[in-house]
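Listing of upload.pdb; format and content: PDB, C-alpha atoms.
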ATOM      1  CA  MET X   1       0.000   0.000   0.000  1.00  0.00           C
ATOM      2  CA  GLY X   2       1.067   3.547  -0.575  1.00  0.00           C
ATOM      3  CA  CYS X   3       0.942   6.380   1.912  1.00  0.00           C
ATOM      4  CA  CYS X   4      -1.932   6.668   4.313  1.00  0.00           C
ATOM      5  CA  ASN X   5      -4.606   9.033   5.608  1.00  0.00           C
ATOM      6  CA  GLY X   6      -4.940  11.560   2.858  1.00  0.00           C
ATOM      7  CA  GLU X   7      -7.813  13.199   1.086  1.00  0.00           C
ATOM      8  CA  GLY X   8      -8.678  13.007  -2.550  1.00  0.00           C
ATOM      9  CA  SER X   9     -10.955  11.452  -5.119  1.00  0.00           C
ATOM     10  CA  PRO X  10     -12.055   7.974  -3.910  1.00  0.00           C
ATOM     11  CA  ILE X  11     -11.580   4.985  -6.196  1.00  0.00           C
ATOM     12  CA  ASN X  12     -12.811   1.391  -6.032  1.00  0.00           C
ATOM     13  CA  SER X  13      -9.797   0.117  -4.086  1.00  0.00           C
ATOM     14  CA  PHE X  14     -10.245  -1.035  -0.486  1.00  0.00           C
ATOM     15  CA  ALA X  15      -8.103  -2.769   2.126  1.00  0.00           C
ATOM     16  CA  LEU X  16      -8.255  -3.872   5.750  1.00  0.00           C
ATOM     17  CA  VAL X  17      -5.376  -2.882   8.012  1.00  0.00           C
ATOM     18  CA  SER X  18      -4.296  -2.850  11.626  1.00  0.00           C
ATOM     19  CA  TYR X  19      -2.353   0.240  12.655  1.00  0.00           C
ATOM     20  CA  LEU X  20       0.653  -0.264  14.910  1.00  0.00           C
ATOM     21  CA  PRO X  21       0.778   1.344  18.376  1.00  0.00           C
ATOM     22  CA  GLU X  22       3.225   3.946  19.631  1.00  0.00           C
ATOM     23  CA  PRO X  23       6.151   4.190  20.095  1.00  0.00           C
ATOM     24  CA  LEU X  24       6.734   1.475  17.478  1.00  0.00           C
ATOM     25  CA  ALA X  25       4.518   3.211  14.899  1.00  0.00           C
ATOM     26  CA  GLY X  26       6.316   6.539  15.232  1.00  0.00           C
ATOM     27  CA  PHE X  27       9.713   4.893  14.865  1.00  0.00           C
ATOM     28  CA  LEU X  28       8.629   2.980  11.750  1.00  0.00           C
ATOM     29  CA  ASP X  29       6.918   6.034  10.242  1.00  0.00           C
ATOM     30  CA  ARG X  30      10.122   8.052  10.648  1.00  0.00           C
ATOM     31  CA  LEU X  31      12.160   5.215   9.132  1.00  0.00           C
ATOM     32  CA  ARG X  32       9.797   4.861   6.180  1.00  0.00           C
ATOM     33  CA  HIS X  33       9.889   8.629   5.606  1.00  0.00           C
ATOM     34  CA  GLU X  34      13.703   8.517   5.715  1.00  0.00           C
ATOM     35  CA  LEU X  35      13.719   5.755   3.091  1.00  0.00           C
ATOM     36  CA  VAL X  36      10.935   7.267   0.915  1.00  0.00           C
ATOM     37  CA  PRO X  37      10.787  11.026   1.689  1.00  0.00           C
ATOM     38  CA  GLN X  38       7.691  11.736  -0.458  1.00  0.00           C
ATOM     39  CA  CYS X  39       5.627   9.251   1.570  1.00  0.00           C
ATOM     40  CA  GLU X  40       3.365  10.226   4.460  1.00  0.00           C
ATOM     41  CA  PRO X  41       3.300   6.847   6.204  1.00  0.00           C
ATOM     42  CA  ARG X  42       1.168   5.311   8.902  1.00  0.00           C
ATOM     43  CA  ALA X  43       2.673   2.021  10.077  1.00  0.00           C
ATOM     44  CA  HIS X  44       0.312  -0.917   9.690  1.00  0.00           C
ATOM     45  CA  VAL X  45      -0.099  -4.597   8.949  1.00  0.00           C
ATOM     46  CA  THR X  46      -2.366  -5.270   6.001  1.00  0.00           C
ATOM     47  CA  VAL X  47      -4.910  -8.037   6.578  1.00  0.00           C
ATOM     48  CA  LEU X  48      -6.693  -7.705   3.213  1.00  0.00           C
ATOM     49  CA  PRO X  49      -4.453  -6.169   0.526  1.00  0.00           C
ATOM     50  CA  PRO X  50      -5.965  -3.575  -1.839  1.00  0.00           C
ATOM     51  CA  ARG X  51      -8.860  -4.853  -3.935  1.00  0.00           C
ATOM     52  CA  PRO X  52     -11.876  -3.597  -5.857  1.00  0.00           C
ATOM     53  CA  LEU X  53     -15.273  -4.367  -4.345  1.00  0.00           C
ATOM     54  CA  ILE X  54     -18.154  -5.828  -6.326  1.00  0.00           C
ATOM     55  CA  VAL X  55     -20.528  -4.558  -3.614  1.00  0.00           C
ATOM     56  CA  SER X  56     -20.942  -1.167  -1.946  1.00  0.00           C
ATOM     57  CA  PRO X  57     -18.422  -0.248   0.769  1.00  0.00           C
ATOM     58  CA  GLU X  58     -21.247  -0.570   3.314  1.00  0.00           C
ATOM     59  CA  GLU X  59     -22.029  -4.112   2.156  1.00  0.00           C
ATOM     60  CA  GLY X  60     -18.318  -4.936   2.154  1.00  0.00           C
ATOM     61  CA  TRP X  61     -18.059  -3.671   5.721  1.00  0.00           C
ATOM     62  CA  ARG X  62     -21.019  -5.793   6.818  1.00  0.00           C
ATOM     63  CA  GLU X  63     -19.362  -8.857   5.262  1.00  0.00           C
ATOM     64  CA  LEU X  64     -16.151  -8.097   7.154  1.00  0.00           C
ATOM     65  CA  VAL X  65     -17.922  -7.657  10.478  1.00  0.00           C
ATOM     66  CA  GLU X  66     -19.787 -10.927  10.015  1.00  0.00           C
ATOM     67  CA  ALA X  67     -16.597 -12.827   9.143  1.00  0.00           C
ATOM     68  CA  LEU X  68     -14.680 -11.262  12.070  1.00  0.00           C
ATOM     69  CA  HIS X  69     -17.195 -12.377  14.659  1.00  0.00           C
ATOM     70  CA  ASP X  70     -15.157 -15.275  16.055  1.00  0.00           C
ATOM     71  CA  PHE X  71     -11.628 -13.889  15.747  1.00  0.00           C
ATOM     72  CA  GLU X  72      -9.684 -12.983  18.864  1.00  0.00           C
ATOM     73  CA  PRO X  73      -6.855 -10.400  19.026  1.00  0.00           C
ATOM     74  CA  ILE X  74      -3.548 -11.629  17.569  1.00  0.00           C
ATOM     75  CA  ARG X  75      -0.190 -11.125  19.283  1.00  0.00           C
ATOM     76  CA  VAL X  76       2.468 -10.130  16.725  1.00  0.00           C
ATOM     77  CA  GLU X  77       6.254  -9.967  17.039  1.00  0.00           C
ATOM     78  CA  LEU X  78       8.253  -8.275  14.276  1.00  0.00           C
ATOM     79  CA  GLY X  79      11.329  -9.970  12.835  1.00  0.00           C
ATOM     80  CA  GLU X  80      14.023  -8.740  10.486  1.00  0.00           C
ATOM     81  CA  VAL X  81      14.333  -6.411   7.497  1.00  0.00           C
ATOM     82  CA  GLU X  82      13.703  -8.395   4.310  1.00  0.00           C
ATOM     83  CA  VAL X  83      12.993  -7.719   0.618  1.00  0.00           C
ATOM     84  CA  PHE X  84      10.302  -9.238  -1.586  1.00  0.00           C
ATOM     85  CA  PRO X  85      12.269 -10.504  -4.609  1.00  0.00           C
ATOM     86  CA  VAL X  86       9.848  -9.587  -7.430  1.00  0.00           C
ATOM     87  CA  THR X  87       8.673  -6.158  -6.228  1.00  0.00           C
ATOM     88  CA  GLN X  88      11.793  -5.091  -4.298  1.00  0.00           C
ATOM     89  CA  VAL X  89       9.562  -3.920  -1.423  1.00  0.00           C
ATOM     90  CA  LEU X  90      11.478  -3.627   1.873  1.00  0.00           C
ATOM     91  CA  TYR X  91       9.585  -4.895   4.889  1.00  0.00           C
ATOM     92  CA  LEU X  92       9.777  -6.180   8.438  1.00  0.00           C
ATOM     93  CA  SER X  93       8.935  -9.841   8.698  1.00  0.00           C
ATOM     94  CA  ILE X  94       6.468 -11.144  11.252  1.00  0.00           C
ATOM     95  CA  LYS X  95       7.806 -13.875  13.530  1.00  0.00           C
ATOM     96  CA  ALA X  96       4.940 -14.437  15.959  1.00  0.00           C
ATOM     97  CA  GLY X  97       1.376 -14.108  14.684  1.00  0.00           C
ATOM     98  CA  HIS X  98       2.223 -14.908  11.050  1.00  0.00           C
ATOM     99  CA  ASN X  99       0.024 -18.013  10.827  1.00  0.00           C
ATOM    100  CA  GLU X 100      -2.862 -16.372  12.707  1.00  0.00           C
ATOM    101  CA  LEU X 101      -2.819 -13.379  10.323  1.00  0.00           C
ATOM    102  CA  LYS X 102      -2.833 -15.753   7.344  1.00  0.00           C
ATOM    103  CA  ARG X 103      -5.816 -17.585   8.826  1.00  0.00           C
ATOM    104  CA  LEU X 104      -7.629 -14.252   9.316  1.00  0.00           C
ATOM    105  CA  HIS X 105      -6.824 -13.181   5.747  1.00  0.00           C
ATOM    106  CA  ASN X 106      -8.060 -16.482   4.334  1.00  0.00           C
ATOM    107  CA  ALA X 107     -11.320 -16.231   6.286  1.00  0.00           C
ATOM    108  CA  LEU X 108     -11.963 -12.705   4.960  1.00  0.00           C
ATOM    109  CA  ASN X 109     -10.881 -13.163   1.337  1.00  0.00           C
ATOM    110  CA  ARG X 110     -14.152 -14.805   0.301  1.00  0.00           C
ATOM    111  CA  GLY X 111     -17.584 -14.010  -1.092  1.00  0.00           C
ATOM    112  CA  PRO X 112     -17.975 -10.399  -2.239  1.00  0.00           C
ATOM    113  CA  LEU X 113     -14.608  -9.543  -0.625  1.00  0.00           C
ATOM    114  CA  TYR X 114     -12.717 -12.179  -2.632  1.00  0.00           C
ATOM    115  CA  PHE X 115      -9.920 -10.954  -4.837  1.00  0.00           C
ATOM    116  CA  GLU X 116      -7.346 -13.005  -6.710  1.00  0.00           C
ATOM    117  CA  GLU X 117      -4.286 -11.236  -5.364  1.00  0.00           C
ATOM    118  CA  PRO X 118      -1.209 -10.959  -7.606  1.00  0.00           C
ATOM    119  CA  PHE X 119       0.997 -12.391  -4.822  1.00  0.00           C
ATOM    120  CA  SER X 120       0.397 -14.928  -2.088  1.00  0.00           C
ATOM    121  CA  TYR X 121      -0.577 -13.191   1.174  1.00  0.00           C
ATOM    122  CA  HIS X 122       2.526 -12.685   3.320  1.00  0.00           C
ATOM    123  CA  PRO X 123       1.938 -10.671   6.531  1.00  0.00           C
ATOM    124  CA  HIS X 124       4.531  -7.929   6.979  1.00  0.00           C
ATOM    125  CA  VAL X 125       5.094  -4.237   7.759  1.00  0.00           C
ATOM    126  CA  THR X 126       6.206  -2.286   4.686  1.00  0.00           C
ATOM    127  CA  LEU X 127       9.258  -0.038   5.087  1.00  0.00           C
ATOM    128  CA  ALA X 128       9.826   1.115   1.494  1.00  0.00           C
ATOM    129  CA  GLN X 129       8.402   0.506  -1.956  1.00  0.00           C
ATOM    130  CA  ASP X 130       8.687   1.954  -5.449  1.00  0.00           C
ATOM    131  CA  LEU X 131      12.460   2.336  -5.083  1.00  0.00           C
ATOM    132  CA  GLU X 132      14.758   2.270  -8.084  1.00  0.00           C
ATOM    133  CA  PRO X 133      16.664  -1.041  -8.178  1.00  0.00           C
ATOM    134  CA  GLN X 134      19.967   0.686  -7.409  1.00  0.00           C
ATOM    135  CA  GLN X 135      18.436   2.246  -4.246  1.00  0.00           C
ATOM    136  CA  VAL X 136      17.440  -1.076  -2.682  1.00  0.00           C
ATOM    137  CA  PRO X 137      20.805  -2.210  -1.218  1.00  0.00           C
ATOM    138  CA  GLY X 138      21.393   1.140   0.497  1.00  0.00           C
ATOM    139  CA  ALA X 139      17.840   1.225   1.818  1.00  0.00           C
ATOM    140  CA  VAL X 140      18.240  -2.300   3.213  1.00  0.00           C
ATOM    141  CA  GLU X 141      21.447  -1.241   4.968  1.00  0.00           C
ATOM    142  CA  ILE X 142      19.859   1.875   6.489  1.00  0.00           C
ATOM    143  CA  ALA X 143      16.696   0.039   7.535  1.00  0.00           C
ATOM    144  CA  GLY X 144      18.687  -2.801   9.107  1.00  0.00           C
ATOM    145  CA  GLU X 145      20.912  -0.383  11.017  1.00  0.00           C
ATOM    146  CA  ARG X 146      17.966   1.652  12.327  1.00  0.00           C
ATOM    147  CA  TRP X 147      15.967  -1.475  13.246  1.00  0.00           C
ATOM    148  CA  ARG X 148      18.916  -3.013  15.136  1.00  0.00           C
ATOM    149  CA  GLY X 149      19.168   0.263  17.063  1.00  0.00           C
ATOM    150  CA  PHE X 150      15.505   0.335  18.069  1.00  0.00           C
ATOM    151  CA  SER X 151      15.287  -0.381  21.803  1.00  0.00           C
ATOM    152  CA  GLY X 152      11.500  -0.466  22.170  1.00  0.00           C
ATOM    153  CA  SER X 153       9.186  -3.431  22.046  1.00  0.00           C
ATOM    154  CA  ARG X 154       8.937  -5.174  18.673  1.00  0.00           C
ATOM    155  CA  GLY X 155       5.655  -6.770  19.680  1.00  0.00           C
ATOM    156  CA  PHE X 156       2.073  -5.538  19.562  1.00  0.00           C
ATOM    157  CA  THR X 157      -1.449  -6.877  19.473  1.00  0.00           C
ATOM    158  CA  VAL X 158      -3.658  -6.743  16.390  1.00  0.00           C
ATOM    159  CA  ASP X 159      -6.864  -5.932  18.233  1.00  0.00           C
ATOM    160  CA  ARG X 160      -8.413  -3.267  16.014  1.00  0.00           C
ATOM    161  CA  LEU X 161      -8.971  -3.352  12.260  1.00  0.00           C
ATOM    162  CA  THR X 162      -9.624  -0.404   9.958  1.00  0.00           C
ATOM    163  CA  PHE X 163     -11.363  -0.542   6.574  1.00  0.00           C
ATOM    164  CA  VAL X 164      -9.618   1.918   4.224  1.00  0.00           C
ATOM    165  CA  GLN X 165     -10.206   3.273   0.711  1.00  0.00           C
ATOM    166  CA  ASN X 166      -7.642   4.555  -1.775  1.00  0.00           C
ATOM    167  CA  THR X 167      -7.882   7.738  -3.846  1.00  0.00           C
ATOM    168  CA  LEU X 168      -6.649   8.810  -7.278  1.00  0.00           C
ATOM    169  CA  GLU X 169      -3.825  10.562  -5.422  1.00  0.00           C
ATOM    170  CA  ASN X 170      -2.835   7.233  -3.767  1.00  0.00           C
ATOM    171  CA  ARG X 171      -3.840   8.423  -0.306  1.00  0.00           C
ATOM    172  CA  TRP X 172      -5.640   5.959   1.933  1.00  0.00           C
ATOM    173  CA  THR X 173      -8.653   7.154   3.905  1.00  0.00           C
ATOM    174  CA  ASP X 174     -10.020   5.425   6.996  1.00  0.00           C
ATOM    175  CA  LEU X 175     -13.681   4.462   6.527  1.00  0.00           C
ATOM    176  CA  ARG X 176     -14.635   2.335   9.546  1.00  0.00           C
ATOM    177  CA  GLY X 177     -12.973   0.448  12.334  1.00  0.00           C
ATOM    178  CA  CYS X 178     -13.777  -2.269  14.811  1.00  0.00           C
ATOM    179  CA  ALA X 179     -12.311  -4.121  17.734  1.00  0.00           C
ATOM    180  CA  LEU X 180     -11.140  -7.658  17.067  1.00  0.00           C
ATOM    181  CA  SER X 181     -12.643  -9.800  19.774  1.00  0.00           C
ATOM    182  CA  SER X 182     -15.237 -12.461  20.333  1.00  0.00           C
ATOM    183  CA  ARG X 183     -17.904  -9.752  19.998  1.00  0.00           C
ATOM    184  CA  VAL X 184     -17.163  -7.325  17.170  1.00  0.00           C
ATOM    185  CA  ARG X 185     -18.680  -3.873  17.597  1.00  0.00           C
ATOM    186  CA  ILE X 186     -19.874  -1.896  14.583  1.00  0.00           C
TER     187      ILE X 186
END
Write-out of the structure in structure tokens:
Amino acid sequence: MGCCNGEGSPINSFALVSYLPEPLAGFLDRLRHELVPQCEPRAHVTVLPPRPLIVSPEEGWRELVEALHDFEPIRVELGEVEVFPVTQVLYLSIKAGHNELKRLHNALNRGPLYFEEPFSYHPHVTLAQDLEPQQVPGAVEIAGERWRGFSGSRGFTVDRLTFVQNTLENRWTDLRGCALSSRVRI
């Protein structure tokens, strides 16, 4: 996903994310901005990658809430700086919570929310994307150095999900959110 929380002309592109808590989020936002200065980041884990909807956003939201009914919060622990080979996207891997996030994704990617994604779902936290190939090694070095120097907790709980919509300007707008628990609130 591109940068988050902007305004603009909405398009038929939606995703489901979980924003990271502070101080981890602030650290990762600063790192992402250092690596991609034109980005206005908001650190998150994507549960449903960007997709068009064949139903209204309201109907899509209702489908999500129904499917989330039995899911409990997920404890996540971030791993190391890695690079997706095809896209050259830099990211932080997820050590703990990886399988649970995949199970959540698989439960949600169905019915009117189904989308044949171009890549297999791989939970992660994006650090940089859309870099020129020659920029990638330097960005990996900087990201690794900064991440090794981070003294805060690398763990957090995915306990709130936010339904977001993209714009023509590639700015993601929060639409609705809910707590992830045995009783989802609308």
Check your understanding: Hey, what comes out of the PyMOL selection byres ((chain X and resi 24) around 9) on this file? Could you write it as JSON, numbers by chain?
Key -> {"X": [20, 21, 22, 23, 25, 26, 27, 28, 29, 43, 150, 152, 153, 154, 155, 156]}
Review point. Given the choices X:Ala107, X:Gln165, X:Glu117, X:Ser13, which gets closest to Glu66 (chain X) if the distance is worked out from all atoms listed in the file?
Key: X:Ala107
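Here the PyMOL selection byres ((chain X and resi 164) around 7) captures the residues Phe14, Ala15, Leu16, Thr162, Phe163, Gln165, Asn166, Trp172, Thr173, Asp174 and Leu175 of chain X.
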Practice item. Name every residue that the PyMOL selection byres ((chain X and resi 83-90) around 7) selects in this structure, writing the answer as a PyMOL selection string with chains first and numbers rising. Key: chain X and resi 81-82+91+126-129
Please produce a file of those selected residues containing C-alpha atoms, as an mmCIF file, keeping the file's coordinate frame.
data_model
loop_
_atom_site.group_PDB
_atom_site.id
_atom_site.type_symbol
_atom_site.label_atom_id
_atom_site.label_comp_id
_atom_site.auth_asym_id
_atom_site.auth_seq_id
_atom_site.Cartn_x
_atom_site.Cartn_y
_atom_site.Cartn_z
ATOM 1 C CA VAL X 81 14.333 -6.411 7.497
ATOM 2 C CA GLU X 82 13.703 -8.395 4.310
ATOM 3 C CA TYR X 91 9.585 -4.895 4.889
ATOM 4 C CA THR X 126 6.206 -2.286 4.686
ATOM 5 C CA LEU X 127 9.258 -0.038 5.087
ATOM 6 C CA ALA X 128 9.826 1.115 1.494
ATOM 7 C CA GLN X 129 8.402 0.506 -1.956
#
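If all atoms listed in the file are the atoms counted, then among X:Lys95, X:Arg176, X:Arg171, X:Arg146 the closest residue to Arg30 (chain X) is X:Arg146.
Across the model, the gap from CA of Leu31 (chain X) to CA of Glu145 (chain X) is 10.6 Å.
One finds CA of Glu132 (chain X) at 27.9 Å from CA of Ser18 (chain X).
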**Study point:** Proximity to Phe115 (chain X) - best of X:Arg75, X:Arg51, X:Arg62, X:Arg103, only C-alpha atoms
**Key:** X:Arg51
Practice item. Would you mind listing what lies within 10 Å of Ala139 (chain X) as a VMD selection string, with only C-alpha atoms counted and same-chain residues fewer than 2 positions away left out? Key: chain X and resid 32 34 to 36 90 127 to 128 131 134 to 137 141 to 145
Study note, to complete from the structure: CA of Asn12 (chain X) to CA of Leu48 (chain X) measures 14.3 Å
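Once Gly111 (chain X) and its same-chain neighbours fewer than 6 positions away are set aside, Leu53, Ile54, Val55, Glu59, Gly60, Arg62, Glu63, Leu64, Glu66 and Ala67 of chain X remain within 12 Å of it when counting all atoms listed in the file.
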Written record: region 109-141 of chain X, N, CA and C atoms, as an mmCIF file, in the first residue's frame:
data_model
loop_
_atom_site.group_PDB
_atom_site.id
_atom_site.type_symbol
_atom_site.label_atom_id
_atom_site.label_comp_id
_atom_site.auth_asym_id
_atom_site.auth_seq_id
_atom_site.Cartn_x
_atom_site.Cartn_y
_atom_site.Cartn_z
ATOM 1 N N ASN X 109 -11.007 -13.241 2.789
ATOM 2 C CA ASN X 109 -10.881 -13.163 1.337
ATOM 3 C C ASN X 109 -11.831 -14.181 0.687
ATOM 4 N N ARG X 110 -13.125 -13.889 0.805
ATOM 5 C CA ARG X 110 -14.152 -14.805 0.301
ATOM 6 C C ARG X 110 -15.399 -13.997 -0.070
ATOM 7 N N GLY X 111 -16.320 -14.663 -0.739
ATOM 8 C CA GLY X 111 -17.584 -14.010 -1.092
ATOM 9 C C GLY X 111 -17.348 -12.718 -1.838
ATOM 10 N N PRO X 112 -18.113 -11.668 -1.521
ATOM 11 C CA PRO X 112 -17.975 -10.399 -2.239
ATOM 12 C C PRO X 112 -16.656 -9.674 -1.941
ATOM 13 N N LEU X 113 -15.909 -10.145 -0.938
ATOM 14 C CA LEU X 113 -14.608 -9.543 -0.625
ATOM 15 C C LEU X 113 -13.459 -10.273 -1.315
ATOM 16 N N TYR X 114 -13.763 -11.381 -2.004
ATOM 17 C CA TYR X 114 -12.717 -12.179 -2.632
ATOM 18 C C TYR X 114 -12.031 -11.380 -3.736
ATOM 19 N N PHE X 115 -10.712 -11.557 -3.780
ATOM 20 C CA PHE X 115 -9.920 -10.954 -4.837
ATOM 21 C C PHE X 115 -8.739 -11.883 -5.097
ATOM 22 N N GLU X 116 -8.508 -12.186 -6.364
ATOM 23 C CA GLU X 116 -7.346 -13.005 -6.710
ATOM 24 C C GLU X 116 -6.127 -12.091 -6.689
ATOM 25 N N GLU X 117 -5.413 -12.139 -5.583
ATOM 26 C CA GLU X 117 -4.286 -11.236 -5.364
ATOM 27 C C GLU X 117 -3.105 -11.633 -6.247
ATOM 28 N N PRO X 118 -2.330 -10.650 -6.711
ATOM 29 C CA PRO X 118 -1.209 -10.959 -7.606
ATOM 30 C C PRO X 118 -0.093 -11.747 -6.923
ATOM 31 N N PHE X 119 -0.011 -11.670 -5.590
ATOM 32 C CA PHE X 119 0.997 -12.391 -4.822
ATOM 33 C C PHE X 119 0.319 -13.102 -3.667
ATOM 34 N N SER X 120 0.895 -14.201 -3.250
ATOM 35 C CA SER X 120 0.397 -14.928 -2.088
ATOM 36 C C SER X 120 0.481 -14.017 -0.854
ATOM 37 N N TYR X 121 -0.554 -14.043 -0.011
ATOM 38 C CA TYR X 121 -0.577 -13.191 1.174
ATOM 39 C C TYR X 121 0.590 -13.540 2.093
ATOM 40 N N HIS X 122 1.352 -12.530 2.460
ATOM 41 C CA HIS X 122 2.526 -12.685 3.320
ATOM 42 C C HIS X 122 2.504 -11.535 4.324
ATOM 43 N N PRO X 123 2.021 -11.764 5.552
ATOM 44 C CA PRO X 123 1.938 -10.671 6.531
ATOM 45 C C PRO X 123 3.300 -10.008 6.754
ATOM 46 N N HIS X 124 3.291 -8.689 6.812
ATOM 47 C CA HIS X 124 4.531 -7.929 6.979
ATOM 48 C C HIS X 124 4.187 -6.473 7.297
ATOM 49 N N VAL X 125 5.221 -5.689 7.609
ATOM 50 C CA VAL X 125 5.094 -4.237 7.759
ATOM 51 C C VAL X 125 6.015 -3.617 6.717
ATOM 52 N N THR X 126 5.434 -2.897 5.765
ATOM 53 C CA THR X 126 6.206 -2.286 4.686
ATOM 54 C C THR X 126 7.069 -1.144 5.222
ATOM 55 N N LEU X 127 8.333 -1.126 4.746
ATOM 56 C CA LEU X 127 9.258 -0.038 5.087
ATOM 57 C C LEU X 127 9.531 0.867 3.892
ATOM 58 N N ALA X 128 9.565 0.310 2.696
ATOM 59 C CA ALA X 128 9.826 1.115 1.494
ATOM 60 C C ALA X 128 9.352 0.354 0.274
ATOM 61 N N GLN X 129 8.809 1.088 -0.681
ATOM 62 C CA GLN X 129 8.402 0.506 -1.956
ATOM 63 C C GLN X 129 8.601 1.543 -3.041
ATOM 64 N N ASP X 130 8.509 1.088 -4.287
ATOM 65 C CA ASP X 130 8.687 1.954 -5.449
ATOM 66 C C ASP X 130 10.075 2.586 -5.500
ATOM 67 N N LEU X 131 11.080 1.861 -4.992
ATOM 68 C CA LEU X 131 12.460 2.336 -5.083
ATOM 69 C C LEU X 131 13.039 1.918 -6.428
ATOM 70 N N GLU X 132 13.993 2.681 -6.906
ATOM 71 C CA GLU X 132 14.758 2.270 -8.084
ATOM 72 C C GLU X 132 15.639 1.090 -7.661
ATOM 73 N N PRO X 133 15.879 0.146 -8.554
ATOM 74 C CA PRO X 133 16.664 -1.041 -8.178
ATOM 75 C C PRO X 133 18.005 -0.711 -7.523
ATOM 76 N N GLN X 134 18.676 0.332 -7.985
ATOM 77 C CA GLN X 134 19.967 0.686 -7.409
ATOM 78 C C GLN X 134 19.846 1.277 -6.000
ATOM 79 N N GLN X 135 18.642 1.693 -5.591
ATOM 80 C CA GLN X 135 18.436 2.246 -4.246
ATOM 81 C C GLN X 135 18.221 1.164 -3.191
ATOM 82 N N VAL X 136 17.845 -0.024 -3.622
ATOM 83 C CA VAL X 136 17.440 -1.076 -2.682
ATOM 84 C C VAL X 136 18.550 -1.483 -1.720
ATOM 85 N N PRO X 137 19.777 -1.783 -2.176
ATOM 86 C CA PRO X 137 20.805 -2.210 -1.218
ATOM 87 C C PRO X 137 21.085 -1.172 -0.122
ATOM 88 N N GLY X 138 21.159 0.085 -0.493
ATOM 89 C CA GLY X 138 21.393 1.140 0.497
ATOM 90 C C GLY X 138 20.237 1.270 1.470
ATOM 91 N N ALA X 139 19.024 1.139 0.953
ATOM 92 C CA ALA X 139 17.840 1.225 1.818
ATOM 93 C C ALA X 139 17.806 0.054 2.797
ATOM 94 N N VAL X 140 18.185 -1.134 2.325
ATOM 95 C CA VAL X 140 18.240 -2.300 3.213
ATOM 96 C C VAL X 140 19.259 -2.069 4.325
ATOM 97 N N GLU X 141 20.401 -1.515 3.978
ATOM 98 C CA GLU X 141 21.447 -1.241 4.968
ATOM 99 C C GLU X 141 20.965 -0.233 6.012
#
